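**Student:** Take a look at this one; I'll ask things after.
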Amino acid sequence: MYVLKILFKNALRHKLRTTLTVVGITIAILAFGLLRTVITTWYMGVEASAANRLWTRNSVSLIFPLPIAYKDKIRQVEGVKSVSHATWFGGIYIDEKNFFAQFAVEPKTYMEAFSEYYTPPEQKAALLRDRKGAVAGRKLAQRYGWKIGDTIILKGTIYPGNWEFVLRGIYEGTRKDADETVFFFHWDYLNETLKKTSPGREDLVGSFIVITKSPDIVADVAQRIDSLFKNSLAETLTETEKAFVLGFISMSDTIITAIELVSFVVIAIILAVVANTMAMTARERIGEYAILKTLGFGWFKIGGLIFGESMIITMMGCAFGIGLTFPIADAFGEAMGQYFPAFNVTLETIYMDIAASILVGLLAAIIPSWHAITTPVADGLRRIG
Amino acid sequence: MEQKAPIVEIQHVSKSYRRGSQVVPVLQDISFNIEEGEFLALMGPSGSGKSTLLNLIAGIDKVDTGNIFVDGVDITGLVETELANWRANHVGFVFQFYNLIPVLTAFENVELPLLLTRLTRKERREHVETALAAVNLSHRLTHYPAQLSGGEQQRVAIARAIVTDPTILVADEPTGDLDRKSAEEIMDLMDGLNRELGKTIIMVTHDPRAAQKAHVMRHLDKGVLNDVRSQNPV
């Protein structure tokens, strides 16, 4: 208790310097926490992926479609429980900046395949009755103030024209990491329109979503599906949802690496700041350390005082930084909702914040401690007075 | 008069410092004994080596050659960790500029050396209160050094030096930063510690008035011990 009192008194001896250092650490931990949360959010789809969900796409590229006729063939593959499909629509809502994911789907099977999206039964029934009906995630509807029955017009980019939808349902995620920003509607509506406006583009889908009877057989089922379409005009590539999402993420590998790098640079910078503070502190107190040595304090206790002070300063900054991370992450998530469907600070991020702070506290104290310990007592005493 | 056993034996001690490529001798072949309960004043001009000799006796600097025995222990053979333990148990140090820790109260400053002992909190408190009472500062326990006069700060430093009941008390110019009245008070206090508690005191001083309180004066000049004068019989 006494030692802790000395450490706090020492840490607060230069109030301005300590305050500025703590503020620096707070900002660094906050930035580190937010950057780590961005990375975690990026990988959120991987964590949220279902073990028994497979995605079948064109083996050449995701942008090439597959014939809808494959659906029945896939359904007959051994181990397949159900099949749905989704086609990226890519429309613009009012303005290009209003980005959100839009899929043309087979609503009944799609909602069965994604059980983590809950739509009230009456809304589900209303959607199935209306070919122009659509469903939006809770956060998406909230963002644009949509209510059930609202007409939503999307300007097509891949499929030209103005597309009119009626909002029939708003789904909610049953898990914290579920994406509540997706908009989906009847593929039939898209297909029927294309038959009239763009002959030759009909009866095609982006990907099939395959639910297997058991998670243990996904590899076998994937192989069977791909074998089925080998040497056809549109060969398939079937992979687990996890691999499918990771494939998406790998497209932005460089950005993620850059964010990771920046997060560690932030920690390196704050390490330099804390190390400088501790070096100044130890240099100023070299005489005091000499006095303590004269009284019989050994190297371990002198080092302990410097390490302890460094840890107190960094952990104060860490506590403030973590405390601020939650409200700022919430605000950040609100503001960037279209890019980050769920911006949640994970426990792992908090552990990393604490680990980084401990590391900074310890590393920053090494050189000042070494200097204080190795300075001869007589030399230290000469610097007083 | 009965000859007492020496508490400090200094045998052929030499010490030099290096200034760039030059080796400057500070102490040359110093030998003498200090008896238990003696009050010794080391005097000499600046640069004569008296503070260096004091540091060597207190175990905060190392000899080049020779040996120093304190209470039978050859401290020149101890490594730094052993020396730190030895200082904690055997030496009380009083500095010219008091050297109190500014963020600690008078009580906490005096308590510092006791943190290295196995005493309980209650026992530490009793020791600190006794030491501060001995220097007439019982009413200043919660004051910080900046709230005390120079004389009071030096008295706190003396309390800190005696709180562990050390074998020897070493003082480096203890009155050097004090006005005449405070200096007299400090010297009376040290005299009392020597006479009433039998403390062995080794003091470096320039001040002849301070040296008057000592039993023995030894003069150093250019690193050589050249004079011994007994003032008051022990």
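Letters A, B, ... mark the chains of the structure tokens in the order given; residue numbers begin at 1 per chain; ligand numbers begin at 1, in order shown.
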When the cut-off is 6 Å and we count only C-alpha atoms, which residues of chain B are near chain A, given as a PDB file with C-alpha atoms, in the first residue's frame?
**Tutor:**
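Ended up saving to result05.pdb:
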ATOM      1  CA  ILE B  60      28.789   4.071  -1.165  1.00  0.00           C
ATOM      2  CA  ALA B  84      23.074  -2.164   0.024  1.00  0.00           C
ATOM      3  CA  ASN B  85      21.929  -4.573   2.742  1.00  0.00           C
ATOM      4  CA  ARG B  87      24.170   0.093   4.547  1.00  0.00           C
ATOM      5  CA  ALA B  88      20.511  -0.483   5.436  1.00  0.00           C
ATOM      6  CA  PRO B 113      14.614   2.967   5.687  1.00  0.00           C
TER       7      PRO B 113
END
**Student:** May I have the residues within 9 Å of Ala113 (chain A) as JSON, numbers by chain, using only C-alpha atoms and disregarding those fewer than 2 positions away in the same chain?
**Tutor:** {"A": [53, 82, 83, 84, 108, 109, 110, 111, 115, 116, 209, 210, 211]}
**Student:** Would you list the contacts of Ile152 (chain A) as a list in words, taking every protein, DNA or RNA residue within 12 Å and counting only C-alpha atoms, but skipping same-chain residues closer than 5 positions in sequence?
**Tutor:**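 Here the answer would be Gly91, Ile92, Tyr93, Ile94, Lys132, Gly133, Ala134, Val135, Ala136, Ala141, Tyr144, Gly145, Trp146, Lys147, Asn162, Trp163, Glu164, Phe165, Val166, Leu167, Arg168, Phe183, Phe184 and Phe185 of chain A.
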**Student:** With N, CA and C atoms retained, export the selected residues as a PDB file, in the first residue's frame.
**Tutor:**
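Dumped everything to part-v2.pdb:
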ATOM      1  N   GLY A  91     -27.995  -1.899 -56.904  1.00  0.00           N
ATOM      2  CA  GLY A  91     -28.734  -0.696 -57.271  1.00  0.00           C
ATOM      3  C   GLY A  91     -28.337   0.505 -56.427  1.00  0.00           C
ATOM      4  N   ILE A  92     -28.754   1.687 -56.902  1.00  0.00           N
ATOM      5  CA  ILE A  92     -28.448   2.924 -56.164  1.00  0.00           C
ATOM      6  C   ILE A  92     -29.739   3.446 -55.552  1.00  0.00           C
ATOM      7  N   TYR A  93     -29.691   3.728 -54.242  1.00  0.00           N
ATOM      8  CA  TYR A  93     -30.858   4.296 -53.577  1.00  0.00           C
ATOM      9  C   TYR A  93     -30.656   5.816 -53.469  1.00  0.00           C
ATOM     10  N   ILE A  94     -31.369   6.561 -54.256  1.00  0.00           N
ATOM     11  CA  ILE A  94     -31.323   8.031 -54.329  1.00  0.00           C
ATOM     12  C   ILE A  94     -29.955   8.523 -54.789  1.00  0.00           C
ATOM     13  N   LYS A 132     -43.355  -7.818 -55.771  1.00  0.00           N
ATOM     14  CA  LYS A 132     -42.506  -6.623 -55.673  1.00  0.00           C
ATOM     15  C   LYS A 132     -42.063  -6.377 -54.224  1.00  0.00           C
ATOM     16  N   GLY A 133     -42.430  -7.292 -53.360  1.00  0.00           N
ATOM     17  CA  GLY A 133     -42.102  -7.126 -51.944  1.00  0.00           C
ATOM     18  C   GLY A 133     -40.605  -7.279 -51.675  1.00  0.00           C
ATOM     19  N   ALA A 134     -40.189  -6.630 -50.624  1.00  0.00           N
ATOM     20  CA  ALA A 134     -38.769  -6.706 -50.241  1.00  0.00           C
ATOM     21  C   ALA A 134     -38.665  -6.695 -48.716  1.00  0.00           C
ATOM     22  N   VAL A 135     -37.509  -7.131 -48.218  1.00  0.00           N
ATOM     23  CA  VAL A 135     -37.245  -7.124 -46.780  1.00  0.00           C
ATOM     24  C   VAL A 135     -35.922  -6.401 -46.544  1.00  0.00           C
ATOM     25  N   ALA A 136     -35.898  -5.586 -45.495  1.00  0.00           N
ATOM     26  CA  ALA A 136     -34.654  -4.874 -45.159  1.00  0.00           C
ATOM     27  C   ALA A 136     -34.264  -5.213 -43.721  1.00  0.00           C
ATOM     28  N   ALA A 141     -33.259  -0.180 -42.327  1.00  0.00           N
ATOM     29  CA  ALA A 141     -34.558   0.503 -42.300  1.00  0.00           C
ATOM     30  C   ALA A 141     -34.490   1.737 -41.406  1.00  0.00           C
ATOM     31  N   TYR A 144     -32.613   4.764 -43.090  1.00  0.00           N
ATOM     32  CA  TYR A 144     -33.350   5.562 -44.083  1.00  0.00           C
ATOM     33  C   TYR A 144     -34.783   5.868 -43.660  1.00  0.00           C
ATOM     34  N   GLY A 145     -35.128   5.491 -42.435  1.00  0.00           N
ATOM     35  CA  GLY A 145     -36.462   5.786 -41.918  1.00  0.00           C
ATOM     36  C   GLY A 145     -37.560   5.017 -42.637  1.00  0.00           C
ATOM     37  N   TRP A 146     -37.263   3.822 -43.138  1.00  0.00           N
ATOM     38  CA  TRP A 146     -38.272   3.033 -43.856  1.00  0.00           C
ATOM     39  C   TRP A 146     -39.255   2.397 -42.891  1.00  0.00           C
ATOM     40  N   LYS A 147     -40.504   2.333 -43.352  1.00  0.00           N
ATOM     41  CA  LYS A 147     -41.535   1.635 -42.578  1.00  0.00           C
ATOM     42  C   LYS A 147     -42.196   0.608 -43.481  1.00  0.00           C
ATOM     43  N   ASN A 162     -35.342   1.778 -63.408  1.00  0.00           N
ATOM     44  CA  ASN A 162     -35.764   2.087 -62.048  1.00  0.00           C
ATOM     45  C   ASN A 162     -36.601   0.920 -61.534  1.00  0.00           C
ATOM     46  N   TRP A 163     -36.192   0.395 -60.388  1.00  0.00           N
ATOM     47  CA  TRP A 163     -36.845  -0.800 -59.844  1.00  0.00           C
ATOM     48  C   TRP A 163     -37.604  -0.402 -58.579  1.00  0.00           C
ATOM     49  N   GLU A 164     -38.885  -0.732 -58.609  1.00  0.00           N
ATOM     50  CA  GLU A 164     -39.747  -0.317 -57.505  1.00  0.00           C
ATOM     51  C   GLU A 164     -40.057  -1.508 -56.599  1.00  0.00           C
ATOM     52  N   PHE A 165     -39.858  -1.293 -55.314  1.00  0.00           N
ATOM     53  CA  PHE A 165     -40.129  -2.360 -54.342  1.00  0.00           C
ATOM     54  C   PHE A 165     -41.044  -1.817 -53.242  1.00  0.00           C
ATOM     55  N   VAL A 166     -41.783  -2.740 -52.625  1.00  0.00           N
ATOM     56  CA  VAL A 166     -42.614  -2.358 -51.468  1.00  0.00           C
ATOM     57  C   VAL A 166     -42.049  -3.087 -50.256  1.00  0.00           C
ATOM     58  N   LEU A 167     -41.732  -2.332 -49.211  1.00  0.00           N
ATOM     59  CA  LEU A 167     -41.132  -2.953 -48.023  1.00  0.00           C
ATOM     60  C   LEU A 167     -42.199  -3.759 -47.276  1.00  0.00           C
ATOM     61  N   ARG A 168     -42.014  -5.063 -47.273  1.00  0.00           N
ATOM     62  CA  ARG A 168     -43.000  -5.945 -46.633  1.00  0.00           C
ATOM     63  C   ARG A 168     -42.502  -6.497 -45.293  1.00  0.00           C
ATOM     64  N   PHE A 183     -30.633  -5.893 -47.913  1.00  0.00           N
ATOM     65  CA  PHE A 183     -31.945  -5.670 -48.537  1.00  0.00           C
ATOM     66  C   PHE A 183     -32.140  -6.807 -49.533  1.00  0.00           C
ATOM     67  N   PHE A 184     -33.225  -7.556 -49.405  1.00  0.00           N
ATOM     68  CA  PHE A 184     -33.442  -8.617 -50.400  1.00  0.00           C
ATOM     69  C   PHE A 184     -34.890  -8.649 -50.888  1.00  0.00           C
ATOM     70  N   PHE A 185     -35.042  -9.149 -52.113  1.00  0.00           N
ATOM     71  CA  PHE A 185     -36.359  -9.130 -52.765  1.00  0.00           C
ATOM     72  C   PHE A 185     -36.484 -10.360 -53.675  1.00  0.00           C
TER      73      PHE A 185
END
**Student:** Pick from A:Trp88, A:Ile249, A:Glu180, A:Ile286: nearest to Arg382 (chain A), with only C-alpha atoms counted?
**Tutor:**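 For Arg382 (chain A), the nearest of the candidates is A:Ile286.
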**Student:** Neighbouring residues of Asp203 (chain A) were defined as those with any atom within 12 Å, considering only C-alpha atoms; residues of the same chain fewer than 6 positions away were excluded. Please report them as an MDAnalysis selection string.
**Tutor:** chainID A and resid 65:71 85 87 187:195
**Student:** Would you save the residues from that selection as a CSV table (one decimal), in the first residue's frame, using C-alpha atoms?
**Tutor:**
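So the final result, stored in result37.csv, reads:
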chain,number,residue,atom,x,y,z
A,65,PRO,CA,-23.6,-16.2,-63.2
A,66,LEU,CA,-24.9,-19.8,-63.1
A,67,PRO,CA,-28.0,-21.2,-64.7
A,68,ILE,CA,-31.0,-21.4,-62.4
A,69,ALA,CA,-31.5,-24.9,-63.8
A,70,TYR,CA,-28.6,-26.1,-61.6
A,71,LYS,CA,-30.8,-25.6,-58.5
A,85,HIS,CA,-29.8,-18.7,-54.4
A,87,THR,CA,-27.9,-12.6,-57.0
A,187,TRP,CA,-35.6,-13.0,-57.8
A,188,ASP,CA,-38.7,-13.8,-59.8
A,189,TYR,CA,-39.4,-10.1,-60.1
A,190,LEU,CA,-36.0,-9.5,-61.5
A,191,ASN,CA,-36.1,-12.5,-63.8
A,192,GLU,CA,-39.6,-11.7,-65.2
A,193,THR,CA,-38.5,-8.1,-65.9
A,194,LEU,CA,-35.3,-9.2,-67.6
A,195,LYS,CA,-37.2,-11.5,-69.8
**Student:** Could you check which of B:Ala146, B:Ile201, B:Val79, B:Ala134 is closest to Val163 (chain B), using only C-alpha atoms?
**Tutor:**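 Looking at the shortest contact to Val163 (chain B), the residue is B:Ala134.
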**Student:** How far is it from CA of Val46 (chain A) to CA of Thr254 (chain A), in Å with one decimal?
**Tutor:**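 Between CA of Val46 (chain A) and CA of Thr254 (chain A) the gap is 17.8 Å.
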**Student:** Based on the backbone DSSP call, show me all residues of region 1-231 of chain B assigned strand (DSSP E), as a PyMOL selection string.
**Tutor:** chain B and resi 6-19+22-35+39-43+65-70+73-74+91-94+168-172+200-204+216-221+224-230
**Student:** Just write the chosen residues, C-alpha atoms, as a JSON list (two decimals), in the first residue's frame.
**Tutor:**
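As written to disk, again-v2.json reads:
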[["chain", "number", "residue", "atom", "x", "y", "z"],
["B", 6, "PRO", "CA", 37.67, 0.28, 17.15],
["B", 7, "ILE", "CA", 34.33, 0.19, 15.38],
["B", 8, "VAL", "CA", 35.92, 1.34, 12.10],
["B", 9, "GLU", "CA", 39.40, 0.26, 10.95],
["B", 10, "ILE", "CA", 40.80, 1.95, 7.88],
["B", 11, "GLN", "CA", 43.88, 0.18, 6.55],
["B", 12, "HIS", "CA", 46.11, 1.62, 3.82],
["B", 13, "VAL", "CA", 43.20, 3.00, 1.79],
["B", 14, "SER", "CA", 43.94, 4.70, -1.50],
["B", 15, "LYS", "CA", 41.49, 6.08, -4.01],
["B", 16, "SER", "CA", 41.89, 7.92, -7.28],
["B", 17, "TYR", "CA", 39.52, 9.26, -9.93],
["B", 18, "ARG", "CA", 39.98, 9.31, -13.65],
["B", 19, "ARG", "CA", 39.52, 12.61, -15.45],
["B", 22, "GLN", "CA", 44.47, 11.63, -16.24],
["B", 23, "VAL", "CA", 44.40, 9.68, -12.99],
["B", 24, "VAL", "CA", 43.87, 12.04, -10.05],
["B", 25, "PRO", "CA", 44.83, 10.59, -6.66],
["B", 26, "VAL", "CA", 42.27, 11.56, -4.00],
["B", 27, "LEU", "CA", 43.33, 9.50, -0.98],
["B", 28, "GLN", "CA", 46.79, 8.08, -0.44],
["B", 29, "ASP", "CA", 47.52, 5.28, 2.00],
["B", 30, "ILE", "CA", 45.09, 6.36, 4.72],
["B", 31, "SER", "CA", 45.10, 4.33, 7.92],
["B", 32, "PHE", "CA", 43.40, 5.07, 11.22],
["B", 33, "ASN", "CA", 40.77, 3.68, 13.57],
["B", 34, "ILE", "CA", 37.53, 5.10, 14.90],
["B", 35, "GLU", "CA", 36.44, 3.91, 18.30],
["B", 39, "PHE", "CA", 32.52, 11.71, 17.49],
["B", 40, "LEU", "CA", 35.04, 12.34, 14.72],
["B", 41, "ALA", "CA", 35.31, 15.47, 12.63],
["B", 42, "LEU", "CA", 37.10, 15.12, 9.30],
["B", 43, "MET", "CA", 38.38, 18.49, 8.21],
["B", 65, "THR", "CA", 43.48, -0.47, -2.57],
["B", 66, "GLY", "CA", 43.30, -1.11, 1.16],
["B", 67, "ASN", "CA", 40.58, -2.35, 3.48],
["B", 68, "ILE", "CA", 37.87, -0.86, 5.64],
["B", 69, "PHE", "CA", 36.43, -2.88, 8.49],
["B", 70, "VAL", "CA", 33.22, -1.74, 10.13],
["B", 73, "VAL", "CA", 33.11, -6.67, 8.50],
["B", 74, "ASP", "CA", 35.50, -5.93, 5.61],
["B", 91, "VAL", "CA", 24.85, 3.24, 8.34],
["B", 92, "GLY", "CA", 22.81, 6.36, 8.92],
["B", 93, "PHE", "CA", 23.62, 9.13, 6.46],
["B", 94, "VAL", "CA", 23.07, 12.88, 6.92],
["B", 168, "ILE", "CA", 27.66, 4.44, 12.58],
["B", 169, "LEU", "CA", 26.22, 7.81, 11.69],
["B", 170, "VAL", "CA", 27.99, 9.62, 8.86],
["B", 171, "ALA", "CA", 27.35, 13.27, 8.13],
["B", 172, "ASP", "CA", 28.64, 15.22, 5.15],
["B", 200, "THR", "CA", 29.48, 6.76, 16.70],
["B", 201, "ILE", "CA", 29.48, 9.83, 14.46],
["B", 202, "ILE", "CA", 31.82, 10.58, 11.57],
["B", 203, "MET", "CA", 31.32, 14.07, 10.26],
["B", 204, "VAL", "CA", 32.90, 15.97, 7.41],
["B", 216, "VAL", "CA", 38.48, 13.96, 17.67],
["B", 217, "MET", "CA", 39.45, 16.02, 14.63],
["B", 218, "ARG", "CA", 41.44, 14.63, 11.77],
["B", 219, "HIS", "CA", 42.81, 16.76, 8.98],
["B", 220, "LEU", "CA", 43.18, 15.73, 5.42],
["B", 221, "ASP", "CA", 45.19, 17.66, 2.89],
["B", 224, "VAL", "CA", 46.97, 12.64, 3.04],
["B", 225, "LEU", "CA", 46.06, 12.40, 6.70],
["B", 226, "ASN", "CA", 48.35, 14.86, 8.42],
["B", 227, "ASP", "CA", 47.03, 15.76, 11.81],
["B", 228, "VAL", "CA", 45.24, 14.22, 14.76],
["B", 229, "ARG", "CA", 43.99, 16.24, 17.65],
["B", 230, "SER", "CA", 41.94, 14.98, 20.53]]
**Student:** Run DSSP on the backbone and grab whatever in region 150-296 of chain A lands in helix (DSSP H, G or I); send it over as a PyMOL selection string.
**Tutor:** chain A and resi 187-197+215-228+241-250+253-284+286-295
**Student:** Suppose you want the space between CA of Leu197 (chain B) and CA of Ile162 (chain B); what is it in Å?
**Tutor:**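 These two atoms are separated by 10.4 Å.
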**Student:** My list of candidates is A:Leu4, A:Leu140, A:Val218, A:Val274. Which is closest to Gly317 (chain A) when distances are computed with only C-alpha atoms?
**Tutor:**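 Distance minimum relative to Gly317 (chain A) lands on A:Val274.
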**Student:** With a distance cut-off of 10 Å and only C-alpha atoms, select the neighbouring residues of Ser182 (chain B), excluding the residue or stretch itself and same-chain residues fewer than 5 positions from it, and output the selection as a list in words.
**Tutor:** Ser149, Gly150, Gly151, Glu152, Gln154, Arg155, Thr175, Asp177, Met187 and Asp188 of chain B
